[in-house]
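Text of the file work-v9.cif, holding mmCIF, C-alpha atoms:
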data_upload
loop_
_atom_site.label_atom_id
_atom_site.label_comp_id
_atom_site.auth_asym_id
_atom_site.auth_seq_id
_atom_site.Cartn_x
_atom_site.Cartn_y
_atom_site.Cartn_z
CA MET V 298 5.87 10.63 34.63
CA PRO V 299 6.58 7.34 32.79
CA VAL V 300 7.01 7.85 29.08
CA ARG V 301 7.58 5.57 26.13
CA ARG V 302 9.21 6.89 22.97
CA ILE V 303 9.07 5.06 19.69
CA ALA V 304 10.31 5.69 16.16
CA VAL V 305 7.93 5.67 13.22
CA ALA V 306 10.43 7.09 10.78
CA PRO V 307 11.00 9.93 10.50
CA GLN V 308 8.86 10.83 13.52
CA VAL V 309 9.55 10.09 17.18
CA LEU V 310 6.35 9.60 19.15
CA GLU V 311 6.14 10.00 22.92
CA PHE V 312 3.36 8.42 24.96
CA ALA V 313 3.02 9.49 28.60
CA SER V 314 0.77 8.63 31.50
CA ASP V 315 0.91 8.76 35.28
CA ASP V 316 -1.81 6.14 35.64
CA PRO V 317 -0.65 2.51 35.94
CA VAL V 318 -3.64 1.12 34.02
CA ALA V 319 -3.26 3.65 31.21
CA GLU V 320 0.47 3.04 31.17
CA GLY V 321 -0.17 -0.63 30.49
CA ALA V 322 -2.53 0.25 27.67
CA LEU V 323 -0.01 2.65 26.17
CA ALA V 324 2.46 -0.21 25.93
CA ALA V 325 0.16 -1.69 23.28
CA LEU V 326 0.17 1.51 21.20
CA TYR V 327 2.49 0.95 18.22
CA HIS V 328 3.91 -1.83 20.40
CA ALA V 329 6.06 -3.27 17.62
CA ALA V 330 7.73 0.03 16.74
CA PRO V 331 11.35 0.36 17.88
CA LEU V 332 12.03 2.35 21.04
CA SER V 333 13.80 5.65 20.59
CA THR V 334 15.84 7.97 22.77
CA ALA V 335 15.64 10.87 20.33
CA VAL V 336 13.78 14.11 21.00
CA PRO V 337 10.09 13.47 20.42
CA THR V 338 8.41 15.22 17.51
CA LEU V 339 4.87 14.19 18.49
CA ARG V 340 3.64 13.94 22.08
CA TYR V 341 0.57 12.10 23.40
CA GLY V 342 -0.88 11.61 26.85
CA LEU V 343 -3.43 9.36 28.48
CA ARG V 344 -4.51 10.25 32.02
CA ARG V 345 -7.40 9.70 34.37
CA ALA V 346 -10.11 12.32 34.14
CA SER V 347 -10.47 14.60 37.12
CA GLY V 348 -12.90 12.94 39.48
CA GLY V 349 -11.59 9.55 38.46
CA THR V 350 -14.29 8.68 35.94
CA GLY V 351 -12.83 7.67 32.61
CA TYR V 352 -9.75 8.80 30.74
CA VAL V 353 -8.64 11.84 28.78
CA ALA V 354 -6.36 11.58 25.75
CA THR V 355 -4.18 14.45 24.60
CA SER V 356 -2.51 14.87 21.22
CA PRO V 357 -0.69 17.65 19.33
CA ASP V 358 -2.77 20.62 18.17
CA ARG V 359 -6.06 19.04 19.24
CA PRO V 360 -8.38 19.62 22.16
CA PRO V 361 -8.33 16.86 24.79
CA PHE V 362 -10.52 13.85 24.02
CA GLY V 363 -12.70 12.57 26.84
CA PRO V 364 -13.57 11.70 29.48
CA ALA V 365 -14.09 8.37 27.76
CA SER V 366 -13.56 4.70 28.47
CA LEU V 367 -9.96 3.55 28.44
CA GLY V 368 -10.54 1.64 25.19
CA ASP V 369 -12.13 4.60 23.41
CA ALA V 370 -9.43 7.02 24.61
CA TRP V 371 -6.76 4.54 23.51
CA ALA V 372 -8.37 4.06 20.08
CA TYR V 373 -8.52 7.85 19.72
CA LEU V 374 -4.79 8.08 20.42
CA GLU V 375 -4.02 5.29 17.94
CA TRP V 376 -6.00 7.14 15.27
CA ARG V 377 -4.45 10.52 16.06
CA ALA V 378 -0.91 9.15 16.15
CA THR V 379 -1.38 7.50 12.77
CA GLU V 380 -2.94 10.63 11.24
CA ASP V 381 -0.14 12.80 12.62
CA VAL V 382 2.53 10.46 11.21
CA LEU V 383 0.82 10.52 7.82
CA ASN V 384 0.47 14.31 7.79
CA ALA V 385 4.02 15.08 8.94
CA PRO V 386 6.85 15.45 6.43
CA ALA V 387 7.89 11.93 5.45
CA ASP V 388 11.57 12.68 4.74
CA GLY V 389 12.05 11.03 1.36
CA GLY V 390 9.24 8.57 1.72
CA VAL V 391 5.50 8.18 1.65
CA PHE V 392 3.05 5.93 3.39
CA LEU V 393 0.67 3.72 1.47
CA HIS V 394 -2.71 2.31 2.44
CA ALA V 395 -1.67 -1.29 1.82
CA GLY V 396 -0.59 -4.46 3.52
CA GLY V 397 2.63 -6.28 2.83
CA VAL V 398 3.90 -9.78 3.57
CA GLU V 399 7.10 -11.67 2.80
CA ILE V 400 6.36 -15.15 1.48
CA GLY V 401 9.52 -17.14 1.01
CA SER V 402 11.93 -14.44 -0.05
CA ARG V 403 9.32 -12.55 -2.03
CA LEU V 404 7.32 -9.54 -0.93
CA ALA V 405 3.65 -9.31 -1.79
CA LEU V 406 1.69 -6.09 -1.50
CA ILE V 407 -1.94 -6.50 -0.50
CA VAL V 408 -4.26 -3.69 -1.56
CA GLY V 409 -7.97 -3.06 -1.33
CA ASP V 410 -10.43 -0.62 0.10
CA SER V 411 -11.12 -0.45 3.83
CA GLY V 412 -13.07 -3.55 4.86
CA ALA V 413 -11.78 -5.63 1.96
CA GLY V 414 -9.93 -7.99 4.32
CA LYS V 415 -6.28 -6.89 4.20
CA SER V 416 -5.75 -7.21 7.96
CA THR V 417 -7.41 -10.62 8.16
CA LEU V 418 -5.33 -11.99 5.29
CA VAL V 419 -2.11 -10.55 6.70
CA ALA V 420 -2.95 -12.08 10.10
CA HIS V 421 -3.52 -15.47 8.48
CA LEU V 422 -0.18 -15.23 6.70
CA MET V 423 1.56 -14.15 9.93
CA GLN V 424 0.00 -17.11 11.71
CA ARG V 425 1.39 -19.34 8.97
CA GLY V 426 4.90 -18.13 9.78
CA HIS V 427 5.44 -15.27 7.35
CA ARG V 428 6.85 -11.87 8.19
CA MET V 429 5.05 -8.66 7.35
CA LEU V 430 5.48 -5.03 6.36
CA GLY V 431 2.06 -4.09 7.71
CA ASP V 432 -1.62 -4.89 7.47
CA ASP V 433 -2.87 -1.45 6.48
CA LEU V 434 0.15 0.83 6.30
CA VAL V 435 3.52 0.40 4.61
CA ARG V 436 6.28 2.89 3.93
CA PHE V 437 7.81 3.53 0.53
CA ALA V 438 11.19 5.23 0.12
CA THR V 439 11.48 7.17 -3.11
CA ALA V 440 15.29 7.13 -3.05
CA ASP V 441 15.62 3.38 -3.57
CA ALA V 442 12.02 2.54 -4.56
CA ARG V 443 11.70 0.02 -1.74
CA PHE V 444 8.80 -0.76 0.56
CA SER V 445 9.39 -1.19 4.30
CA ALA V 446 7.57 -2.08 7.50
CA VAL V 447 5.61 0.12 9.88
CA GLY V 448 5.33 -1.13 13.46
CA ARG V 449 1.63 -0.53 13.71
CA SER V 450 -0.65 -3.14 15.27
CA LEU V 451 -2.98 -5.27 13.19
CA LYS V 452 -6.58 -4.17 13.62
CA LEU V 453 -8.77 -7.26 13.65
CA ASP V 454 -12.50 -7.80 13.80
CA PRO V 455 -13.19 -10.03 16.86
CA ASN V 456 -15.24 -12.36 14.60
CA SER V 457 -12.22 -13.04 12.42
CA LEU V 458 -10.25 -14.42 15.37
CA SER V 459 -12.30 -17.64 15.31
CA SER V 460 -10.32 -18.76 12.26
CA MET V 461 -6.97 -17.74 13.78
CA PRO V 462 -6.35 -19.88 16.88
CA LEU V 463 -2.80 -18.68 17.51
CA ILE V 464 -3.79 -15.02 17.47
CA ALA V 465 -7.00 -15.69 19.40
CA ARG V 466 -4.93 -17.39 22.11
CA THR V 467 -2.52 -14.45 22.14
CA CYS V 468 -5.42 -12.06 22.68
CA SER V 469 -7.25 -14.17 25.26
CA SER V 470 -4.11 -14.51 27.38
CA ALA V 471 -3.76 -10.70 27.42
CA THR V 472 -0.29 -10.85 25.90
CA VAL V 473 1.44 -7.47 26.04
CA GLY V 474 0.76 -5.75 22.75
CA THR V 475 -2.80 -6.97 22.39
CA LEU V 476 -5.73 -4.79 23.33
CA LEU V 477 -9.47 -4.82 22.73
CA ALA V 478 -10.46 -1.21 22.10
CA ALA V 479 -13.55 0.35 20.56
CA GLY V 480 -14.79 -3.02 19.30
CA CYS V 481 -11.58 -4.14 17.59
CA TRP V 482 -8.62 -6.22 18.60
CA TYR V 483 -5.33 -4.40 18.14
CA VAL V 484 -2.65 -7.04 17.88
CA SER V 485 1.01 -6.15 17.76
CA PRO V 486 2.88 -8.22 15.18
CA ALA V 487 5.62 -8.51 17.81
CA ALA V 488 3.10 -10.22 20.09
CA ILE V 489 2.61 -12.91 17.45
CA ARG V 490 6.18 -13.41 16.29
CA ARG V 491 9.41 -12.08 17.74
CA THR V 492 10.84 -11.64 14.25
CA TRP V 493 7.81 -10.14 12.58
CA GLN V 494 9.38 -7.54 10.34
CA ALA V 495 9.97 -8.36 6.69
CA PRO V 496 13.07 -6.69 5.26
CA ALA V 497 12.59 -3.72 2.97
CA GLY V 498 12.38 -4.57 -0.67
CA ARG V 499 10.45 -4.48 -3.91
CA PRO V 500 7.37 -6.66 -4.22
CA ARG V 501 7.10 -9.49 -6.70
CA ALA V 502 3.33 -9.70 -6.40
CA VAL V 503 0.39 -7.37 -5.90
CA LEU V 504 -2.79 -8.91 -4.56
CA LEU V 505 -6.04 -7.01 -4.98
CA LEU V 506 -8.78 -7.68 -2.47
CA ASP V 507 -12.35 -6.80 -3.28
CA ALA V 508 -15.08 -7.04 -0.68
CA ALA V 509 -17.56 -7.79 -3.47
CA SER V 510 -15.66 -10.91 -4.59
CA ARG V 511 -16.17 -13.09 -1.54
CA GLN V 512 -18.34 -15.79 -3.10
CA GLY V 513 -17.05 -19.30 -3.67
CA PRO V 514 -13.84 -20.98 -2.60
CA GLY V 515 -10.78 -18.86 -1.87
CA ARG V 516 -8.50 -18.61 -4.87
CA LEU V 517 -6.33 -16.27 -6.91
CA GLU V 518 -6.89 -15.09 -10.47
CA ARG V 519 -4.32 -13.33 -12.64
CA SER V 520 -5.01 -9.67 -13.06
CA SER V 521 -3.59 -6.78 -15.07
CA ASP V 522 -0.11 -5.89 -13.75
CA GLY V 523 -0.43 -2.34 -15.03
CA GLU V 524 -3.89 -1.76 -13.56
CA ALA V 525 -2.71 -3.12 -10.22
CA ALA V 526 0.31 -0.80 -10.22
CA VAL V 527 -1.87 2.19 -11.06
CA TYR V 528 -4.18 1.19 -8.19
CA VAL V 529 -1.19 1.09 -5.83
CA THR V 530 -0.16 4.60 -6.89
CA GLN V 531 -3.62 5.76 -5.83
CA LYS V 532 -3.05 4.41 -2.32
CA VAL V 533 -0.50 7.03 -1.32
CA LEU V 534 -1.64 8.52 1.98
CA THR V 535 1.03 11.13 2.52
CA ALA V 536 0.25 14.40 0.81
CA ALA V 537 2.73 15.01 -2.02
CA ASP V 538 3.21 18.74 -2.34
CA GLY V 539 2.72 19.82 -5.95
CA ALA V 540 2.65 18.14 -9.34
CA ALA V 541 6.42 17.60 -9.46
CA ALA V 542 6.41 15.78 -6.12
CA ARG V 543 3.39 13.70 -7.16
CA LYS V 544 5.13 12.78 -10.39
CA ASP V 545 8.31 11.79 -8.55
CA VAL V 546 6.43 9.58 -6.10
CA THR V 547 4.30 7.97 -8.82
CA VAL V 548 7.20 7.25 -11.13
CA ARG V 549 9.31 5.86 -8.31
CA LEU V 550 6.38 3.67 -7.23
CA LEU V 551 6.12 2.32 -10.78
CA ASP V 552 9.88 1.61 -10.64
CA GLY V 553 9.35 -0.25 -7.38
CA LEU V 554 6.59 -2.31 -8.96
CA ALA V 555 8.48 -3.16 -12.16
CA ASP V 556 8.67 -6.88 -11.42
CA VAL V 557 5.25 -7.59 -9.98
CA THR V 558 2.73 -10.13 -11.06
CA ALA V 559 -0.81 -9.07 -10.17
CA TYR V 560 -3.57 -11.26 -8.78
CA ARG V 561 -7.10 -10.72 -7.67
CA ALA V 562 -8.34 -12.69 -4.66
CA ARG V 563 -11.68 -14.45 -5.01
CA GLY V 564 -13.79 -16.16 -2.42
CA GLY V 565 -14.58 -15.64 1.21
CA ASP V 566 -12.00 -17.85 2.87
CA PRO V 567 -8.84 -15.89 3.76
CA ALA V 568 -7.04 -19.07 4.85
CA ALA V 569 -7.54 -20.52 1.36
CA VAL V 570 -6.37 -17.26 -0.23
CA ALA V 571 -3.28 -17.37 2.01
CA GLU V 572 -2.55 -20.93 0.87
CA ALA V 573 -3.04 -19.95 -2.77
CA LEU V 574 -0.63 -17.05 -2.33
CA GLU V 575 1.96 -19.42 -0.86
CA ARG V 576 1.56 -21.77 -3.82
CA GLU V 577 2.04 -18.92 -6.30
CA ALA V 578 5.14 -17.71 -4.45
CA ALA V 579 6.60 -21.21 -4.52
CA ALA V 580 5.87 -21.73 -8.22
CA MET I 213 -8.11 5.04 -42.22
CA ILE I 214 -6.54 8.28 -41.03
CA THR I 215 -7.58 9.10 -37.51
CA THR I 216 -9.10 12.52 -37.15
CA GLY I 217 -6.96 14.80 -35.01
CA VAL I 218 -3.76 12.75 -35.32
CA THR I 219 -1.06 14.14 -37.56
CA GLN I 220 0.88 12.05 -40.06
CA ARG I 221 3.95 12.35 -37.82
CA PRO I 222 2.49 12.00 -34.33
CA ALA I 223 4.46 13.35 -31.37
CA ALA I 224 3.91 12.28 -27.77
CA ARG I 225 4.08 14.99 -25.15
CA PRO I 226 7.64 15.19 -23.85
CA ASP I 227 6.58 15.30 -20.19
CA LEU I 228 5.07 11.79 -20.24
CA VAL I 229 6.87 9.03 -18.34
CA LEU I 230 6.71 5.45 -19.56
CA ARG I 231 7.50 2.55 -17.25
CA ARG I 232 7.28 -1.23 -17.56
CA VAL I 233 5.27 -2.93 -14.82
CA GLY I 234 5.21 -6.72 -14.94
CA SER I 235 4.01 -7.72 -18.41
CA GLU I 236 2.49 -4.32 -19.21
CA TRP I 237 3.46 -0.68 -19.47
CA VAL I 238 2.18 2.37 -17.68
CA VAL I 239 2.44 5.90 -19.06
CA TYR I 240 2.11 8.62 -16.43
CA ASP I 241 0.69 11.99 -17.40
CA SER I 242 1.79 14.30 -14.61
CA ALA I 243 -0.09 17.29 -16.02
CA ARG I 244 -3.37 15.45 -15.47
CA ALA I 245 -2.07 13.27 -12.61
CA LYS I 246 -3.32 10.26 -14.53
CA ALA I 247 -1.77 6.91 -15.41
CA HIS I 248 -2.68 4.81 -18.43
CA VAL I 249 -1.98 1.11 -18.90
CA LEU I 250 -0.56 0.08 -22.28
CA ASN I 251 0.21 -3.29 -23.79
CA LEU I 252 3.61 -3.88 -25.37
CA THR I 253 2.49 -2.89 -28.86
CA ALA I 254 0.96 0.40 -27.68
CA ALA I 255 4.05 1.15 -25.59
CA VAL I 256 6.34 0.62 -28.60
CA ILE I 257 4.06 2.79 -30.76
CA LEU I 258 4.25 5.55 -28.15
CA THR I 259 8.05 5.47 -28.17
CA TYR I 260 8.00 6.06 -31.94
CA CYS I 261 5.69 9.06 -31.61
CA ASP I 262 8.53 11.57 -31.65
CA GLY I 263 7.28 13.84 -34.45
CA THR I 264 9.65 12.39 -37.04
CA ASN I 265 8.10 9.00 -37.81
CA GLU I 266 5.23 8.55 -40.22
CA ARG I 267 2.73 5.77 -39.69
CA SER I 268 4.50 3.62 -42.26
CA SER I 269 7.82 3.81 -40.42
CA ILE I 270 6.06 3.16 -37.11
CA ALA I 271 4.47 0.07 -38.72
CA GLU I 272 7.88 -1.16 -39.89
CA ALA I 273 9.29 -0.66 -36.39
CA ILE I 274 6.39 -2.51 -34.79
CA ALA I 275 6.83 -5.43 -37.19
CA ARG I 276 10.49 -5.52 -36.24
CA GLU I 277 10.15 -5.08 -32.46
CA VAL I 278 6.97 -7.06 -31.80
CA PRO I 279 7.52 -10.09 -34.05
CA ASP I 280 4.66 -12.07 -32.50
CA LEU I 281 2.13 -9.54 -33.76
CA ASP I 282 -0.06 -10.54 -36.70
CA PRO I 283 1.22 -8.35 -39.60
CA THR I 284 -2.30 -7.81 -40.89
CA ARG I 285 -3.25 -6.20 -37.58
CA ILE I 286 -0.40 -3.73 -37.31
CA LYS I 287 -2.08 -0.90 -39.21
CA ASP I 288 -5.28 -1.27 -37.16
CA ASP I 289 -3.29 -1.45 -33.94
CA ILE I 290 -1.46 1.75 -34.82
CA ASP I 291 -4.70 3.51 -35.70
CA ASP I 292 -6.31 2.33 -32.47
CA ALA I 293 -3.33 3.35 -30.36
CA LEU I 294 -2.97 6.80 -31.95
CA ARG I 295 -6.70 7.42 -31.59
CA ARG I 296 -6.46 6.48 -27.93
CA PHE I 297 -3.35 8.62 -27.38
CA ALA I 298 -5.13 11.57 -28.98
CA ASP I 299 -8.30 11.03 -26.96
CA GLU I 300 -6.29 10.85 -23.75
CA GLY I 301 -4.37 14.02 -24.60
CA LEU I 302 -1.01 12.24 -24.78
CA LEU I 303 -0.01 13.76 -28.11
CA GLN I 304 1.20 17.29 -28.81
#
Represent the structure from my file as structure tokens, please.
Amino acid sequence: MPVRRIAVAPQVLEFASDDPVAEGALAALYHAAPLSTAVPTLRYGLRRASGGTGYVATSPDRPPFGPASLGDAWAYLEWRATEDVLNAPADGGVFLHAGGVEIGSRLALIVGDSGAGKSTLVAHLMQRGHRMLGDDLVRFATADARFSAVGRSLKLDPNSLSSMPLIARTCSSATVGTLLAAGCWYVSPAAIRRTWQAPAGRPRAVLLLDAASRQGPGRLERSSDGEAAVYVTQKVLTAADGAAARKDVTVRLLDGLADVTAYRARGGDPAAVAEALEREAAA
Amino acid sequence: MITTGVTQRPAARPDLVLRRVGSEWVVYDSARAKAHVLNLTAAVILTYCDGTNERSSIAEAIAREVPDLDPTRIKDDIDDALRRFADEGLLQ
């Protein structure tokens, strides 16, 4: 059975299917993550349902999902794989619910609640030639207090593609690594740019996105550096076991954020916010 | 004015961790899993809350270490900071 193994450190994920259509879809699952030959720690499957109607997804310690459409079964696997990675021991690191982009030689973390527009802004910045750490998930290593990339696909609202012609063209031409599933476009950063991955480092800026601040032209306003850092510490997704571990992660995160300048994005135009972020980075 | 509940020689809890972030400071209280944002003056005041310094010596240190601060405000700033530290449970 054809399998694909990828590394989402420290886990090795295996995706398997004996169905050619499902196999093609699985190629879009964590498409940008590096291939691995190591023993898998998490195994997933996507196969045709008996009788040939729909697909069934399998994941560790869960009952099979389906029969369902290929897109729904694929989206289920993407969700399960991400949850499993977040819940597994992170080996000296944690994952954060945040986006990250390298602008010039400076990293910017992008934080905000779900639906605040992190993925759309990251996609705009990618389209403008910048490399990324992630649109919704970044890794933080406590040993050196540095943030690094996760090869997860950008999850984009189809409506947002109208303002991103490069990415819209990538999707419409069915480039490997792009997939429309459960109402969202999943777009591999590697499908947009061959060198998509920003090097690990410490951010120089934190940008807060707020879904309630979308009125008026897109712009940045200075914000409290300390409040932004505290907000980032609340975005740790990996469970830290005990008060001592929580303290270690929090303090190391504050160390990693020592040199940030915080901004709050205003306005409803992500392209204008992207331009404003570029101007700040160049200043 | 002497703040109720704050001793003459205030002492910060030894388990607190203070870190600079950008132009501000964050003190992390691991016992309550809570972080507090401080400005420079408050952060310096906290570092002098070691149980040996009276308010007057803290005021002298603030005048020395934060020269941009209006001298007439130092006493009020110290009172405000100590009241806040006490309210947040950051003092012993």
Applying the PyMOL selection byres ((chain V) within 9 of (chain I)) to the file I just gave you, which residues come out? Please list them as a PDB file with C-alpha atoms, in the coordinates of the input.
ATOM      1  CA  ARG V 501       7.100  -9.490  -6.700  1.00  0.00           C
ATOM      2  CA  SER V 521      -3.590  -6.780 -15.070  1.00  0.00           C
ATOM      3  CA  ASP V 522      -0.110  -5.890 -13.750  1.00  0.00           C
ATOM      4  CA  GLY V 523      -0.430  -2.340 -15.030  1.00  0.00           C
ATOM      5  CA  GLU V 524      -3.890  -1.760 -13.560  1.00  0.00           C
ATOM      6  CA  ALA V 526       0.310  -0.800 -10.220  1.00  0.00           C
ATOM      7  CA  VAL V 527      -1.870   2.190 -11.060  1.00  0.00           C
ATOM      8  CA  THR V 530      -0.160   4.600  -6.890  1.00  0.00           C
ATOM      9  CA  ALA V 540       2.650  18.140  -9.340  1.00  0.00           C
ATOM     10  CA  ALA V 541       6.420  17.600  -9.460  1.00  0.00           C
ATOM     11  CA  ARG V 543       3.390  13.700  -7.160  1.00  0.00           C
ATOM     12  CA  LYS V 544       5.130  12.780 -10.390  1.00  0.00           C
ATOM     13  CA  THR V 547       4.300   7.970  -8.820  1.00  0.00           C
ATOM     14  CA  VAL V 548       7.200   7.250 -11.130  1.00  0.00           C
ATOM     15  CA  LEU V 551       6.120   2.320 -10.780  1.00  0.00           C
ATOM     16  CA  ASP V 552       9.880   1.610 -10.640  1.00  0.00           C
ATOM     17  CA  GLY V 553       9.350  -0.250  -7.380  1.00  0.00           C
ATOM     18  CA  LEU V 554       6.590  -2.310  -8.960  1.00  0.00           C
ATOM     19  CA  ALA V 555       8.480  -3.160 -12.160  1.00  0.00           C
ATOM     20  CA  ASP V 556       8.670  -6.880 -11.420  1.00  0.00           C
ATOM     21  CA  VAL V 557       5.250  -7.590  -9.980  1.00  0.00           C
ATOM     22  CA  THR V 558       2.730 -10.130 -11.060  1.00  0.00           C
ATOM     23  CA  ALA V 559      -0.810  -9.070 -10.170  1.00  0.00           C
TER      24      ALA V 559
END
Atomic separation - CA of Ala254 in chain I relative to CA of Val546 in chain V, Å =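 Separating CA of Val546 in chain V from CA of Ala254 in chain I is a distance of 24.1 Å.
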ask   = Can you list, as a list in words, the residues that the PyMOL selection byres ((chain I and resi 224) around 7) selects here?
value = Pro222, Ala223, Arg225, Pro226, Leu258, Cys261, Asp262, Leu302, Leu303 and Gln304 of chain I
message = Can you translate the PyMOL selection byres ((chain V and resi 329) around 7) into the concrete residues it hits in this file, as a list in words?
response =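 So the PyMOL selection byres ((chain V and resi 329) around 7), applied here, picks out Tyr327, His328, Ala330, Pro331, Gly448, Arg449, Ser485, Pro486 and Ala487 of chain V.
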request  = Calculate how many Å separate CA of Val336 in chain V from CA of Val309 in chain V, rounding to one decimal.
outcome  =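 So the two atoms, CA of Val336 in chain V and CA of Val309 in chain V, lie 7.0 Å apart.
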task = Give as a ChimeraX atom specification each residue that has an atom at most 8 Å from (7.0, -14.3, -2.5) in the file, counting all atoms listed in the file.
result = /V:399-405,500-502,575,577-579
ask   = Any idea what's packed within 12 Å of Ser269 in chain I, counting all atoms listed in the file, ignoring anything in its chain fewer than 3 positions away? Could you give it as a ChimeraX atom specification?
value = /I:220-222,257,260-266,272-276,286-287,290
Please dump the current selection as a PDB file, keeping the file's coordinate frame; keep C-alpha atoms.
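Output below, filename out23.pdb:
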ATOM      1  CA  GLN I 220       0.880  12.050 -40.060  1.00  0.00           C
ATOM      2  CA  ARG I 221       3.950  12.350 -37.820  1.00  0.00           C
ATOM      3  CA  PRO I 222       2.490  12.000 -34.330  1.00  0.00           C
ATOM      4  CA  ILE I 257       4.060   2.790 -30.760  1.00  0.00           C
ATOM      5  CA  TYR I 260       8.000   6.060 -31.940  1.00  0.00           C
ATOM      6  CA  CYS I 261       5.690   9.060 -31.610  1.00  0.00           C
ATOM      7  CA  ASP I 262       8.530  11.570 -31.650  1.00  0.00           C
ATOM      8  CA  GLY I 263       7.280  13.840 -34.450  1.00  0.00           C
ATOM      9  CA  THR I 264       9.650  12.390 -37.040  1.00  0.00           C
ATOM     10  CA  ASN I 265       8.100   9.000 -37.810  1.00  0.00           C
ATOM     11  CA  GLU I 266       5.230   8.550 -40.220  1.00  0.00           C
ATOM     12  CA  GLU I 272       7.880  -1.160 -39.890  1.00  0.00           C
ATOM     13  CA  ALA I 273       9.290  -0.660 -36.390  1.00  0.00           C
ATOM     14  CA  ILE I 274       6.390  -2.510 -34.790  1.00  0.00           C
ATOM     15  CA  ALA I 275       6.830  -5.430 -37.190  1.00  0.00           C
ATOM     16  CA  ARG I 276      10.490  -5.520 -36.240  1.00  0.00           C
ATOM     17  CA  ILE I 286      -0.400  -3.730 -37.310  1.00  0.00           C
ATOM     18  CA  LYS I 287      -2.080  -0.900 -39.210  1.00  0.00           C
ATOM     19  CA  ILE I 290      -1.460   1.750 -34.820  1.00  0.00           C
TER      20      ILE I 290
END
inquiry  = Using all atoms listed in the file, list the residues that have an atom at most 10 Å from (2.7, -17.4, 9.0), coordinates as in the file, as number ranges by chain.
reply    = V: 398-400, 419-429, 489-490, 493, 571
Residues from the last selection, C-alpha atoms, saved as a PDB file, keeping the file's coordinate frame:
ATOM      1  CA  VAL V 398       3.900  -9.780   3.570  1.00  0.00           C
ATOM      2  CA  GLU V 399       7.100 -11.670   2.800  1.00  0.00           C
ATOM      3  CA  ILE V 400       6.360 -15.150   1.480  1.00  0.00           C
ATOM      4  CA  VAL V 419      -2.110 -10.550   6.700  1.00  0.00           C
ATOM      5  CA  ALA V 420      -2.950 -12.080  10.100  1.00  0.00           C
ATOM      6  CA  HIS V 421      -3.520 -15.470   8.480  1.00  0.00           C
ATOM      7  CA  LEU V 422      -0.180 -15.230   6.700  1.00  0.00           C
ATOM      8  CA  MET V 423       1.560 -14.150   9.930  1.00  0.00           C
ATOM      9  CA  GLN V 424       0.000 -17.110  11.710  1.00  0.00           C
ATOM     10  CA  ARG V 425       1.390 -19.340   8.970  1.00  0.00           C
ATOM     11  CA  GLY V 426       4.900 -18.130   9.780  1.00  0.00           C
ATOM     12  CA  HIS V 427       5.440 -15.270   7.350  1.00  0.00           C
ATOM     13  CA  ARG V 428       6.850 -11.870   8.190  1.00  0.00           C
ATOM     14  CA  MET V 429       5.050  -8.660   7.350  1.00  0.00           C
ATOM     15  CA  ILE V 489       2.610 -12.910  17.450  1.00  0.00           C
ATOM     16  CA  ARG V 490       6.180 -13.410  16.290  1.00  0.00           C
ATOM     17  CA  TRP V 493       7.810 -10.140  12.580  1.00  0.00           C
ATOM     18  CA  ALA V 571      -3.280 -17.370   2.010  1.00  0.00           C
TER      19      ALA V 571
END
Block slice range 290-300 of chain I, N, CA and C atoms, emitted as a PDB file, in the first residue's frame:
ATOM      1  N   ILE I 290       5.498  55.179  43.818  1.00  0.00           N
ATOM      2  CA  ILE I 290       5.847  54.059  44.705  1.00  0.00           C
ATOM      3  C   ILE I 290       4.606  53.566  45.442  1.00  0.00           C
ATOM      4  N   ASP I 291       3.820  54.512  45.951  1.00  0.00           N
ATOM      5  CA  ASP I 291       2.580  54.103  46.639  1.00  0.00           C
ATOM      6  C   ASP I 291       1.664  53.318  45.703  1.00  0.00           C
ATOM      7  N   ASP I 292       1.517  53.837  44.481  1.00  0.00           N
ATOM      8  CA  ASP I 292       0.639  53.156  43.509  1.00  0.00           C
ATOM      9  C   ASP I 292       1.153  51.751  43.188  1.00  0.00           C
ATOM     10  N   ALA I 293       2.460  51.669  42.971  1.00  0.00           N
ATOM     11  CA  ALA I 293       3.040  50.371  42.602  1.00  0.00           C
ATOM     12  C   ALA I 293       2.910  49.373  43.746  1.00  0.00           C
ATOM     13  N   LEU I 294       3.229  49.814  44.973  1.00  0.00           N
ATOM     14  CA  LEU I 294       3.156  48.887  46.111  1.00  0.00           C
ATOM     15  C   LEU I 294       1.716  48.450  46.371  1.00  0.00           C
ATOM     16  N   ARG I 295       0.785  49.381  46.186  1.00  0.00           N
ATOM     17  CA  ARG I 295      -0.628  49.019  46.359  1.00  0.00           C
ATOM     18  C   ARG I 295      -1.021  47.956  45.321  1.00  0.00           C
ATOM     19  N   ARG I 296      -0.554  48.187  44.098  1.00  0.00           N
ATOM     20  CA  ARG I 296      -0.874  47.212  43.048  1.00  0.00           C
ATOM     21  C   ARG I 296      -0.214  45.867  43.332  1.00  0.00           C
ATOM     22  N   PHE I 297       1.055  45.893  43.732  1.00  0.00           N
ATOM     23  CA  PHE I 297       1.750  44.630  44.031  1.00  0.00           C
ATOM     24  C   PHE I 297       1.013  43.875  45.137  1.00  0.00           C
ATOM     25  N   ALA I 298       0.575  44.628  46.153  1.00  0.00           N
ATOM     26  CA  ALA I 298      -0.138  43.977  47.265  1.00  0.00           C
ATOM     27  C   ALA I 298      -1.472  43.406  46.784  1.00  0.00           C
ATOM     28  N   ASP I 299      -2.185  44.197  45.989  1.00  0.00           N
ATOM     29  CA  ASP I 299      -3.488  43.724  45.492  1.00  0.00           C
ATOM     30  C   ASP I 299      -3.345  42.479  44.629  1.00  0.00           C
ATOM     31  N   GLU I 300      -2.254  42.417  43.886  1.00  0.00           N
ATOM     32  CA  GLU I 300      -2.045  41.276  42.987  1.00  0.00           C
ATOM     33  C   GLU I 300      -1.384  40.096  43.700  1.00  0.00           C
TER      34      GLU I 300
END
